[in-house]
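**Student:** Just passing along the structure, written as C-alpha cells.
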Amino acid sequence: MASFELLTPATVDAAIATLRAIEPARRVVLAGGTDLLLDIDDGRAAPSQVISLRRLPWRTLDWVEGSLTVGSTLALRSLEKEPEVARRYPALAQAVRAVGSVALRHSATLGGNLARAAPASDLIPVLLVLDAEVELVGPTGSRSLSVDRFLVASRRTAIAPDELIRAIRFPEPRPSAYLWQRVRRVHDISQLAIAVAWSPDRKTWRVAVGGIPPRSVLLPEVAAALGGERPGSSELHTARARASRAVALVADRRASEEYRRQLVGVLLERAVRSALGGGAAG
Amino acid sequence: MSRPIELRLNGRPATIPDVPDDERLLDTLRWRLDLKGTKEGCRTGGCGACTVLVDGRSILACLALTREVEGTAVTTIEGSASDPDLARVRAAFEKVGALQCGYCTPGFVMTLGGLLKEIGRSAPIDQFLRGLDGNLCRCTGYASIVRAVAEMREPGP
C-alpha cells in the first residue's frame with residue numbers, strides 16, 4: 001500500500017481548493033521533488049497526501065519591458081538555457097548551474113527551491129541581491145512579497161497554508177555574480193557563498209551571504225561600503241573587513257568558523273570583480 | 001492508492017497496472033517491469049546511475065514518482081539501440097572500451113544521449129564534460145569515458 005496519496009489538480013482553483021480541503025500538517029506540495037522526496041525517504045516528512053503542481057500552467061518564462069518573470073514550476077535547466085538570463089542576470093545563471101546535475105535540474109524548480117527555504121540554497125542569495133519578488137496565489141487572489149520578507153527562518157516561509165508560489169519576478173537587469181566554495185563541485189553543499197549585484201536604478205550594491213544557517217541574509221552595511229559602481233581597492237578593503245564581522249559564522253563538519261571568516265572577504269572581492277567584468281566566473 | 005499508468009516506454013505504448021502513488025520510477029522500472037539496466041546507486045540524486053530520459057530529457061529515476069511521468073515517453077538503456085543519439089553514445093563506449101565494472105555505464109550513456117539531443121553533436125567538448133558532473137564512476141574509469149565523449153562528438157566546422 002502506498003504511504004501517501006498523490007493528488008494532481010488540473011487547475012489553479014482546484015489546487016487551492018485541494019489545499020483548503022486537507023489539514024496542512026497532513027499534506028505537502030510537490031514541484032520537482034528533488035528535495036521533498038529525500039525528506040520523505042528519511043522520514044523528515046510523512047504526508048498522507050502529496051499535491052502535485054505538474055498540471056498547472058506555470059512552466060513559463062516571460063520578458064516584460066526587460067524584466068523577467070519565471071513561473072514557479074519551470075525546470076531550472078530551462079532557465080539556464082535561456083541565453084538572455086545569463087546576459088541580464090549573470091548571478092542567476094551562475095547559481096542555477098550550481099544546483100545539482102543536468103538531470104537534477106531537469107526536475108528541480110525555482111519555486112520549489114524557494115518554498116523549501118533550505119539554509120544552503122544556492123538560489124536564495126541571488127534572489128535577495130536581485131530584489132526578486134514572490135507572487136503568491138491563494139483563495140482570495142494574489143499578492144507579492146519580497147524574497148527577504150518571504151523567508152522567515154531555516155525551512156520556514158511567510159506563505160499561508162492555502163497559498164502557492166505562482167511565479168518569481170526579477171526587476172531590472174543587474175551586473176551581478178554568485179560565487180561559492182565547496183569541497184566537491186557537485187552534490188555538495190557550499191561552505192559559504194556570496195551573491196553581489198549592482199542596481200543601476202538605485203545606484204547601490206546588494207550583497208548577500210549564503211550557505212550558513214539559519215538563512216541567507218542581505219548585508220546592507222557591506223554593500224554600502226562598496227560605494228559606487230566601480231569600487232576601488234580602499235572600498236573593497238572596507239567592505240571585506242565589514243563582511244568578515246557582519247555575519248554570525250558557525251563551525252560545522254563542512255568548515256571551521258575561521259575558514260568561513262576568510263572566505264567571506266575572498267569571495268566578496270572576487271564576486272564584485274566578476275560582476276564588473278561581465279560575470280564570466282562561476 | 002494504486003492505479004494503472006499509461007506512457008510510452010522505449011518507443012512503445014505501455015500500460016503499467018497497479019502502480020502505487022508513492023512508487024519511484026526507478027523501482028517501477030527495475031522491479032515491476034524487470035528493466036534492470038537502470039541502476040540504483042546513492043538514491044539521493046547524487047550519482048547519476050539511475051538516469052533515464054523523459055521526453056528526451058535526462059532525469060534521475062530515484063527522485064521521480066512514476067505517476068508524475070504519466071503520459072510521457074520514457075527511455076531506458078534497454079531502448080538505446082533504437083534511439084539514434086543513444087546508439088551513437090553506446091557505439092563510442094564500445095569502441096574505446098569506456099567501462100570497467102559497468103555499473104555506472106547506463107547512467108553515463110543516458111546522460112550523454114540526453115545532452116546530444118539538447119546541445120547537438122558538435123557542441124564544445126567542455127559542455128559534454130560539464131554535463132557529466134552528476135555521474136560518478138566508482139572504478140574511476142573517467143579517462144576512457146572522456147575518450148568516448150571525444151569519439152561520440154562530431155568535430156565542428
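Just so we're on the same page: first chain in the C-alpha cells is A, next is B, and so on; residues restart at 1 for each chain, and ligands are numbered from 1 in the order they show up.
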Within 10 Å of Ala45 in chain A, counting only C-alpha atoms, which residues show up once you throw out same-chain ones fewer than 2 positions away? Write them as a PyMOL selection string, please.
**Tutor:** chain A and resi 25-28+36-43+47-48
**Student:** May I have a table of the residues of chain B lying at most 12 Å from chain A, giving each one's closest pair of atoms and their distance in Å to one decimal, counting only C-alpha atoms, ordered by chain and ascending residue number, as a tab-separated table?
**Tutor:**
```
residue	atom	partner	partner_atom	distance
B:Met1	CA	A:Glu5	CA	6.0
B:Ser2	CA	A:Ala2	CA	7.3
B:Arg3	CA	A:Leu6	CA	10.9
B:Asp18	CA	A:Met1	CA	10.2
B:Val19	CA	A:Ala2	CA	9.0
B:Pro20	CA	A:Ala2	CA	5.2
B:Asp21	CA	A:Leu6	CA	5.5
B:Asp22	CA	A:Ala2	CA	5.5
B:Glu23	CA	A:Ala2	CA	7.5
B:Arg24	CA	A:Leu37	CA	9.5
B:Cys42	CA	A:His187	CA	11.0
B:Arg43	CA	A:Leu38	CA	8.7
B:Thr44	CA	A:Leu38	CA	6.5
B:Gly45	CA	A:Leu104	CA	6.9
B:Gly46	CA	A:His187	CA	5.4
B:Cys47	CA	A:His187	CA	8.2
B:Gly48	CA	A:Ala103	CA	7.9
B:Ala49	CA	A:Ala103	CA	11.0
B:Cys50	CA	A:Ala103	CA	10.1
B:Thr51	CA	A:Ala103	CA	7.2
B:Val52	CA	A:Ala103	CA	8.8
B:Leu53	CA	A:Ala103	CA	9.0
B:Val54	CA	A:His106	CA	9.6
B:Asp55	CA	A:His106	CA	11.0
B:Gly56	CA	A:His106	CA	10.7
B:Arg57	CA	A:His106	CA	7.0
B:Ser58	CA	A:Ala103	CA	4.9
B:Ile59	CA	A:Ala103	CA	4.3
B:Leu60	CA	A:Ala103	CA	5.9
B:Ala61	CA	A:Ala103	CA	9.5
B:Cys62	CA	A:Leu37	CA	9.1
B:Leu63	CA	A:Thr34	CA	5.7
B:Ala64	CA	A:Gly33	CA	7.0
B:Leu65	CA	A:Gly33	CA	8.4
B:Thr66	CA	A:Leu6	CA	10.7
B:Arg67	CA	A:Leu6	CA	8.2
B:Glu68	CA	A:Arg54	CA	7.3
B:Val69	CA	A:Arg54	CA	9.5
B:Glu70	CA	A:Arg54	CA	10.6
B:Gly71	CA	A:Arg55	CA	11.7
B:Gly107	CA	A:Ala103	CA	10.3
B:Phe108	CA	A:Ala103	CA	11.2
B:Met110	CA	A:Ala103	CA	9.9
B:Thr111	CA	A:Ala103	CA	7.4
B:Leu112	CA	A:Val102	CA	10.5
B:Gly113	CA	A:Ala103	CA	11.7
B:Gly114	CA	A:Ala103	CA	9.0
B:Leu115	CA	A:Val102	CA	8.9
B:Glu118	CA	A:Lys81	CA	9.7
B:Ile119	CA	A:Lys81	CA	10.0
B:Gln127	CA	A:Val102	CA	10.9
B:Phe128	CA	A:Val102	CA	10.5
B:Leu129	CA	A:Val102	CA	11.3
B:Arg130	CA	A:Val102	CA	8.9
B:Gly131	CA	A:Val102	CA	6.1
B:Leu132	CA	A:Ser101	CA	7.7
B:Asp133	CA	A:Ser101	CA	6.1
B:Gly134	CA	A:Ser101	CA	4.7
B:Asn135	CA	A:Ser101	CA	8.2
B:Leu136	CA	A:Val186	CA	10.2
```
**Student:** Write the selection just made, keeping C-alpha atoms, as a PDB file, in the first residue's frame?
**Tutor:**
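Written out: selection-v8.pdb:
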```pdb
ATOM      1  CA  MET B   1      -3.897   4.260  -3.814  1.00  0.00           C
ATOM      2  CA  SER B   2      -2.683   2.357  -6.839  1.00  0.00           C
ATOM      3  CA  ARG B   3      -3.888   2.784 -10.394  1.00  0.00           C
ATOM      4  CA  ASP B  18      -1.330  -1.104 -10.054  1.00  0.00           C
ATOM      5  CA  VAL B  19       1.399   1.481  -9.582  1.00  0.00           C
ATOM      6  CA  PRO B  20       1.249   2.810  -6.011  1.00  0.00           C
ATOM      7  CA  ASP B  21       1.157   6.602  -5.747  1.00  0.00           C
ATOM      8  CA  ASP B  22       4.430   6.741  -3.794  1.00  0.00           C
ATOM      9  CA  GLU B  23       6.434   4.464  -6.116  1.00  0.00           C
ATOM     10  CA  ARG B  24       9.629   5.843  -7.671  1.00  0.00           C
ATOM     11  CA  CYS B  42      23.009   6.595  -3.987  1.00  0.00           C
ATOM     12  CA  ARG B  43      19.238   7.019  -4.225  1.00  0.00           C
ATOM     13  CA  THR B  44      19.703  10.660  -3.235  1.00  0.00           C
ATOM     14  CA  GLY B  45      20.179  12.282  -6.651  1.00  0.00           C
ATOM     15  CA  GLY B  46      23.963  12.446  -6.467  1.00  0.00           C
ATOM     16  CA  CYS B  47      25.457   9.647  -8.544  1.00  0.00           C
ATOM     17  CA  GLY B  48      23.576   9.573 -11.864  1.00  0.00           C
ATOM     18  CA  ALA B  49      23.365   5.749 -12.013  1.00  0.00           C
ATOM     19  CA  CYS B  50      19.557   5.839 -12.376  1.00  0.00           C
ATOM     20  CA  THR B  51      19.450   8.448 -15.182  1.00  0.00           C
ATOM     21  CA  VAL B  52      16.696   7.845 -17.768  1.00  0.00           C
ATOM     22  CA  LEU B  53      15.154  10.046 -20.456  1.00  0.00           C
ATOM     23  CA  VAL B  54      11.672  11.506 -20.114  1.00  0.00           C
ATOM     24  CA  ASP B  55      10.538  13.132 -23.356  1.00  0.00           C
ATOM     25  CA  GLY B  56      14.197  13.169 -24.378  1.00  0.00           C
ATOM     26  CA  ARG B  57      15.448  14.941 -21.236  1.00  0.00           C
ATOM     27  CA  SER B  58      17.624  13.222 -18.651  1.00  0.00           C
ATOM     28  CA  ILE B  59      16.122  12.861 -15.182  1.00  0.00           C
ATOM     29  CA  LEU B  60      17.026  10.933 -12.051  1.00  0.00           C
ATOM     30  CA  ALA B  61      14.634   7.992 -11.707  1.00  0.00           C
ATOM     31  CA  CYS B  62      15.306   7.765  -7.949  1.00  0.00           C
ATOM     32  CA  LEU B  63      13.802  11.241  -7.467  1.00  0.00           C
ATOM     33  CA  ALA B  64      10.756  10.897  -9.704  1.00  0.00           C
ATOM     34  CA  LEU B  65       7.381   9.468  -8.773  1.00  0.00           C
ATOM     35  CA  THR B  66       6.237   7.091 -11.507  1.00  0.00           C
ATOM     36  CA  ARG B  67       2.819   8.733 -11.609  1.00  0.00           C
ATOM     37  CA  GLU B  68       4.444  12.101 -12.278  1.00  0.00           C
ATOM     38  CA  VAL B  69       5.720  10.836 -15.664  1.00  0.00           C
ATOM     39  CA  GLU B  70       2.303   9.540 -16.755  1.00  0.00           C
ATOM     40  CA  GLY B  71       1.697  10.261 -20.448  1.00  0.00           C
ATOM     41  CA  GLY B 107      23.640   6.355 -16.437  1.00  0.00           C
ATOM     42  CA  PHE B 108      26.553   7.832 -18.393  1.00  0.00           C
ATOM     43  CA  MET B 110      21.617   8.175 -20.868  1.00  0.00           C
ATOM     44  CA  THR B 111      23.122  11.474 -19.671  1.00  0.00           C
ATOM     45  CA  LEU B 112      25.239  11.826 -22.812  1.00  0.00           C
ATOM     46  CA  GLY B 113      22.356  10.793 -25.082  1.00  0.00           C
ATOM     47  CA  GLY B 114      20.199  13.473 -23.467  1.00  0.00           C
ATOM     48  CA  LEU B 115      22.984  16.027 -23.956  1.00  0.00           C
ATOM     49  CA  GLU B 118      19.917  19.147 -26.149  1.00  0.00           C
ATOM     50  CA  ILE B 119      23.133  20.661 -27.470  1.00  0.00           C
ATOM     51  CA  GLN B 127      29.769  21.243 -22.415  1.00  0.00           C
ATOM     52  CA  PHE B 128      29.580  17.459 -22.524  1.00  0.00           C
ATOM     53  CA  LEU B 129      32.163  17.022 -19.775  1.00  0.00           C
ATOM     54  CA  ARG B 130      30.469  19.597 -17.512  1.00  0.00           C
ATOM     55  CA  GLY B 131      27.209  17.812 -18.277  1.00  0.00           C
ATOM     56  CA  LEU B 132      28.701  14.654 -16.753  1.00  0.00           C
ATOM     57  CA  ASP B 133      29.272  16.439 -13.413  1.00  0.00           C
ATOM     58  CA  GLY B 134      26.484  14.415 -11.815  1.00  0.00           C
ATOM     59  CA  ASN B 135      27.618  10.949 -12.956  1.00  0.00           C
ATOM     60  CA  LEU B 136      30.030   9.062 -10.727  1.00  0.00           C
TER      61      LEU B 136
END
```
**Student:** Please report, as JSON, numbers by chain, each residue of range 167-273 of chain A to which DSSP assigns strand (DSSP E) when run on this structure's backbone.
**Tutor:** {"A": [167, 168, 169, 170, 176, 177, 178, 179, 180, 181, 192, 193, 194, 195, 196, 197, 198, 199, 204, 205, 206, 207, 208, 209, 210, 217, 218]}
**Student:** Next, the residues of the selection above should be written as a JSON list (two decimals), in the first residue's frame with N, CA, C and O atoms.
**Tutor:**
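Saved the output as result-v4.json:
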```
[["chain", "number", "residue", "atom", "x", "y", "z"],
["A", 167, "ALA", "N", 4.87, 32.53, -9.30],
["A", 167, "ALA", "CA", 5.99, 33.00, -10.11],
["A", 167, "ALA", "C", 6.98, 33.78, -9.26],
["A", 167, "ALA", "O", 6.68, 34.17, -8.13],
["A", 168, "ILE", "N", 8.16, 34.00, -9.83],
["A", 168, "ILE", "CA", 9.19, 34.83, -9.22],
["A", 168, "ILE", "C", 9.54, 35.89, -10.24],
["A", 168, "ILE", "O", 9.82, 35.57, -11.40],
["A", 169, "ARG", "N", 9.46, 37.16, -9.82],
["A", 169, "ARG", "CA", 9.67, 38.25, -10.76],
["A", 169, "ARG", "C", 10.96, 38.99, -10.44],
["A", 169, "ARG", "O", 11.23, 39.31, -9.28],
["A", 170, "PHE", "N", 11.74, 39.24, -11.47],
["A", 170, "PHE", "CA", 13.01, 39.94, -11.31],
["A", 170, "PHE", "C", 12.88, 41.33, -11.92],
["A", 170, "PHE", "O", 12.47, 41.46, -13.07],
["A", 176, "SER", "N", 26.02, 41.28, -11.95],
["A", 176, "SER", "CA", 25.91, 40.51, -10.72],
["A", 176, "SER", "C", 26.77, 39.26, -10.81],
["A", 176, "SER", "O", 27.22, 38.88, -11.90],
["A", 177, "ALA", "N", 27.01, 38.64, -9.67],
["A", 177, "ALA", "CA", 27.79, 37.40, -9.66],
["A", 177, "ALA", "C", 27.43, 36.58, -8.44],
["A", 177, "ALA", "O", 27.01, 37.12, -7.41],
["A", 178, "TYR", "N", 27.58, 35.26, -8.59],
["A", 178, "TYR", "CA", 27.37, 34.33, -7.48],
["A", 178, "TYR", "C", 28.58, 33.40, -7.42],
["A", 178, "TYR", "O", 28.91, 32.74, -8.40],
["A", 179, "LEU", "N", 29.26, 33.40, -6.29],
["A", 179, "LEU", "CA", 30.43, 32.53, -6.12],
["A", 179, "LEU", "C", 30.28, 31.70, -4.86],
["A", 179, "LEU", "O", 29.79, 32.18, -3.84],
["A", 180, "TRP", "N", 30.75, 30.46, -4.95],
["A", 180, "TRP", "CA", 30.61, 29.56, -3.80],
["A", 180, "TRP", "C", 31.91, 28.78, -3.61],
["A", 180, "TRP", "O", 32.73, 28.65, -4.54],
["A", 181, "GLN", "N", 32.07, 28.24, -2.40],
["A", 181, "GLN", "CA", 33.20, 27.37, -2.12],
["A", 181, "GLN", "C", 32.68, 26.05, -1.58],
["A", 181, "GLN", "O", 31.83, 26.03, -0.69],
["A", 192, "LEU", "N", 30.39, 28.24, 2.00],
["A", 192, "LEU", "CA", 29.96, 29.63, 2.05],
["A", 192, "LEU", "C", 29.71, 30.07, 0.61],
["A", 192, "LEU", "O", 30.32, 29.55, -0.31],
["A", 193, "ALA", "N", 28.78, 31.00, 0.45],
["A", 193, "ALA", "CA", 28.52, 31.53, -0.89],
["A", 193, "ALA", "C", 28.23, 33.02, -0.77],
["A", 193, "ALA", "O", 27.71, 33.48, 0.26],
["A", 194, "ILE", "N", 28.58, 33.76, -1.81],
["A", 194, "ILE", "CA", 28.35, 35.21, -1.83],
["A", 194, "ILE", "C", 27.67, 35.58, -3.16],
["A", 194, "ILE", "O", 28.10, 35.14, -4.22],
["A", 195, "ALA", "N", 26.62, 36.38, -3.04],
["A", 195, "ALA", "CA", 25.99, 36.95, -4.23],
["A", 195, "ALA", "C", 26.12, 38.47, -4.14],
["A", 195, "ALA", "O", 25.96, 39.05, -3.07],
["A", 196, "VAL", "N", 26.45, 39.10, -5.27],
["A", 196, "VAL", "CA", 26.51, 40.56, -5.32],
["A", 196, "VAL", "C", 25.78, 41.03, -6.59],
["A", 196, "VAL", "O", 25.73, 40.32, -7.59],
["A", 197, "ALA", "N", 25.21, 42.22, -6.51],
["A", 197, "ALA", "CA", 24.58, 42.82, -7.70],
["A", 197, "ALA", "C", 24.63, 44.34, -7.57],
["A", 197, "ALA", "O", 24.51, 44.89, -6.47],
["A", 198, "TRP", "N", 24.84, 44.98, -8.71],
["A", 198, "TRP", "CA", 24.80, 46.45, -8.77],
["A", 198, "TRP", "C", 23.46, 46.84, -9.39],
["A", 198, "TRP", "O", 23.10, 46.35, -10.47],
["A", 199, "SER", "N", 22.72, 47.69, -8.67],
["A", 199, "SER", "CA", 21.44, 48.16, -9.20],
["A", 199, "SER", "C", 21.63, 49.49, -9.91],
["A", 199, "SER", "O", 21.89, 50.51, -9.26],
["A", 204, "THR", "N", 23.01, 51.43, -6.09],
["A", 204, "THR", "CA", 23.58, 50.80, -4.89],
["A", 204, "THR", "C", 23.94, 49.35, -5.21],
["A", 204, "THR", "O", 23.42, 48.76, -6.15],
["A", 205, "TRP", "N", 24.86, 48.85, -4.38],
["A", 205, "TRP", "CA", 25.17, 47.42, -4.43],
["A", 205, "TRP", "C", 24.23, 46.67, -3.50],
["A", 205, "TRP", "O", 23.68, 47.22, -2.56],
["A", 206, "ARG", "N", 24.06, 45.40, -3.80],
["A", 206, "ARG", "CA", 23.41, 44.46, -2.89],
["A", 206, "ARG", "C", 24.40, 43.31, -2.69],
["A", 206, "ARG", "O", 25.00, 42.83, -3.66],
["A", 207, "VAL", "N", 24.53, 42.90, -1.44],
["A", 207, "VAL", "CA", 25.42, 41.78, -1.11],
["A", 207, "VAL", "C", 24.64, 40.81, -0.23],
["A", 207, "VAL", "O", 23.95, 41.24, 0.70],
["A", 208, "ALA", "N", 24.72, 39.53, -0.53],
["A", 208, "ALA", "CA", 24.08, 38.52, 0.34],
["A", 208, "ALA", "C", 25.04, 37.37, 0.56],
["A", 208, "ALA", "O", 25.87, 37.05, -0.31],
["A", 209, "VAL", "N", 24.93, 36.77, 1.73],
["A", 209, "VAL", "CA", 25.75, 35.60, 2.05],
["A", 209, "VAL", "C", 24.83, 34.39, 2.14],
["A", 209, "VAL", "O", 23.70, 34.49, 2.61],
["A", 210, "GLY", "N", 25.30, 33.26, 1.64],
["A", 210, "GLY", "CA", 24.53, 32.02, 1.70],
["A", 210, "GLY", "C", 25.39, 30.88, 2.20],
["A", 210, "GLY", "O", 26.60, 31.04, 2.42],
["A", 217, "VAL", "N", 21.23, 35.93, 4.11],
["A", 217, "VAL", "CA", 20.85, 37.30, 4.52],
["A", 217, "VAL", "C", 21.54, 38.33, 3.64],
["A", 217, "VAL", "O", 22.66, 38.13, 3.16],
["A", 218, "LEU", "N", 20.86, 39.45, 3.47],
["A", 218, "LEU", "CA", 21.46, 40.63, 2.85],
["A", 218, "LEU", "C", 22.39, 41.30, 3.86],
["A", 218, "LEU", "O", 22.11, 41.29, 5.06]]
```
**Student:** Identify which of the residues A:Glu133, A:Asp62, A:Asp148, A:Asp162 lies closest to Asp13 in chain A, counting only C-alpha atoms when measuring atom-to-atom distances.
**Tutor:**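 When distances to Asp13 in chain A are compared using only C-alpha atoms, the smallest one comes from A:Asp162.
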**Student:** Give the alpha helix (DSSP H) residues of range 22-103 of chain A, as DSSP finds them on the backbone, and put them as a PyMOL selection string.
**Tutor:** chain A and resi 36-42+76-80+83-88+90-97+102-103
**Student:** Residues of the last selection are to be written out with C-alpha atoms, as a tab-separated table (two decimals), in the first residue's frame.
**Tutor:**
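Final output, saved to again-v5.tsv:
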```tsv
chain	number	residue	atom	x	y	z
A	36	LEU	CA	10.96	16.86	-0.89
A	37	LEU	CA	11.29	13.19	-1.87
A	38	LEU	CA	14.56	12.96	0.08
A	39	ASP	CA	12.72	14.24	3.17
A	40	ILE	CA	10.02	11.62	2.65
A	41	ASP	CA	12.68	8.90	2.29
A	42	ASP	CA	14.36	9.97	5.52
A	76	LEU	CA	15.93	25.11	-13.61
A	77	ARG	CA	17.52	23.66	-16.74
A	78	SER	CA	15.10	25.66	-18.92
A	79	LEU	CA	16.07	28.83	-17.08
A	80	GLU	CA	19.75	28.03	-17.54
A	83	PRO	CA	20.73	32.99	-23.19
A	84	GLU	CA	19.19	36.30	-22.08
A	85	VAL	CA	19.17	35.14	-18.45
A	86	ALA	CA	22.94	34.77	-18.41
A	87	ARG	CA	23.32	38.15	-20.12
A	88	ARG	CA	20.93	40.18	-17.95
A	90	PRO	CA	24.58	36.62	-14.63
A	91	ALA	CA	24.35	35.69	-10.93
A	92	LEU	CA	21.09	33.84	-11.55
A	93	ALA	CA	22.61	31.74	-14.34
A	94	GLN	CA	25.67	31.01	-12.17
A	95	ALA	CA	23.52	29.98	-9.19
A	96	VAL	CA	21.28	27.73	-11.30
A	97	ARG	CA	24.35	25.93	-12.65
A	102	VAL	CA	21.83	18.49	-15.52
A	103	ALA	CA	19.42	15.62	-14.80
```
**Student:** With distances taken over only C-alpha atoms, which of B:Leu25, B:Cys101, B:Ala92, B:Leu35 is nearest to Ile77 in chain B?
**Tutor:**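 Between B:Leu25, B:Cys101, B:Ala92, B:Leu35, the residue approaching Ile77 in chain B most closely is B:Leu35.
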**Student:** For CA of Pro171 in chain A and CA of Leu130 in chain A, determine how far apart the two atoms are, in Å to one decimal place.
**Tutor:**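 Rounded to one decimal, the two atoms are 7.3 Å apart.
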**Student:** Would you list the contacts of Ala251 in chain A as a list in words, taking every protein, DNA or RNA residue within 12 Å and counting only C-alpha atoms, but skipping same-chain residues closer than 3 positions in sequence?
**Tutor:** Gln191, Leu192, Gly211, Ile212, Pro213, Ala248, Arg254, Ala255, Ser256, Glu257, Glu258, Tyr259, Arg260 and Arg261 of chain A
**Student:** Which distance in Å separates CA of Arg149 in chain A and CA of Pro200 in chain A, to one decimal?
**Tutor:**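 These two atoms are separated by 22.7 Å.
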**Student:** Closest to Gly41 in chain B among B:Val74, B:Cys104, B:Leu29, B:Leu99, using only C-alpha atoms?
**Tutor:**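 Looking at the shortest contact to Gly41 in chain B, the residue is B:Cys104.
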**Student:** So how far away is CA of Glu172 in chain A from CA of Val64 in chain A, in Å?
**Tutor:**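 That distance, rounded to one decimal, is 10.3 Å.
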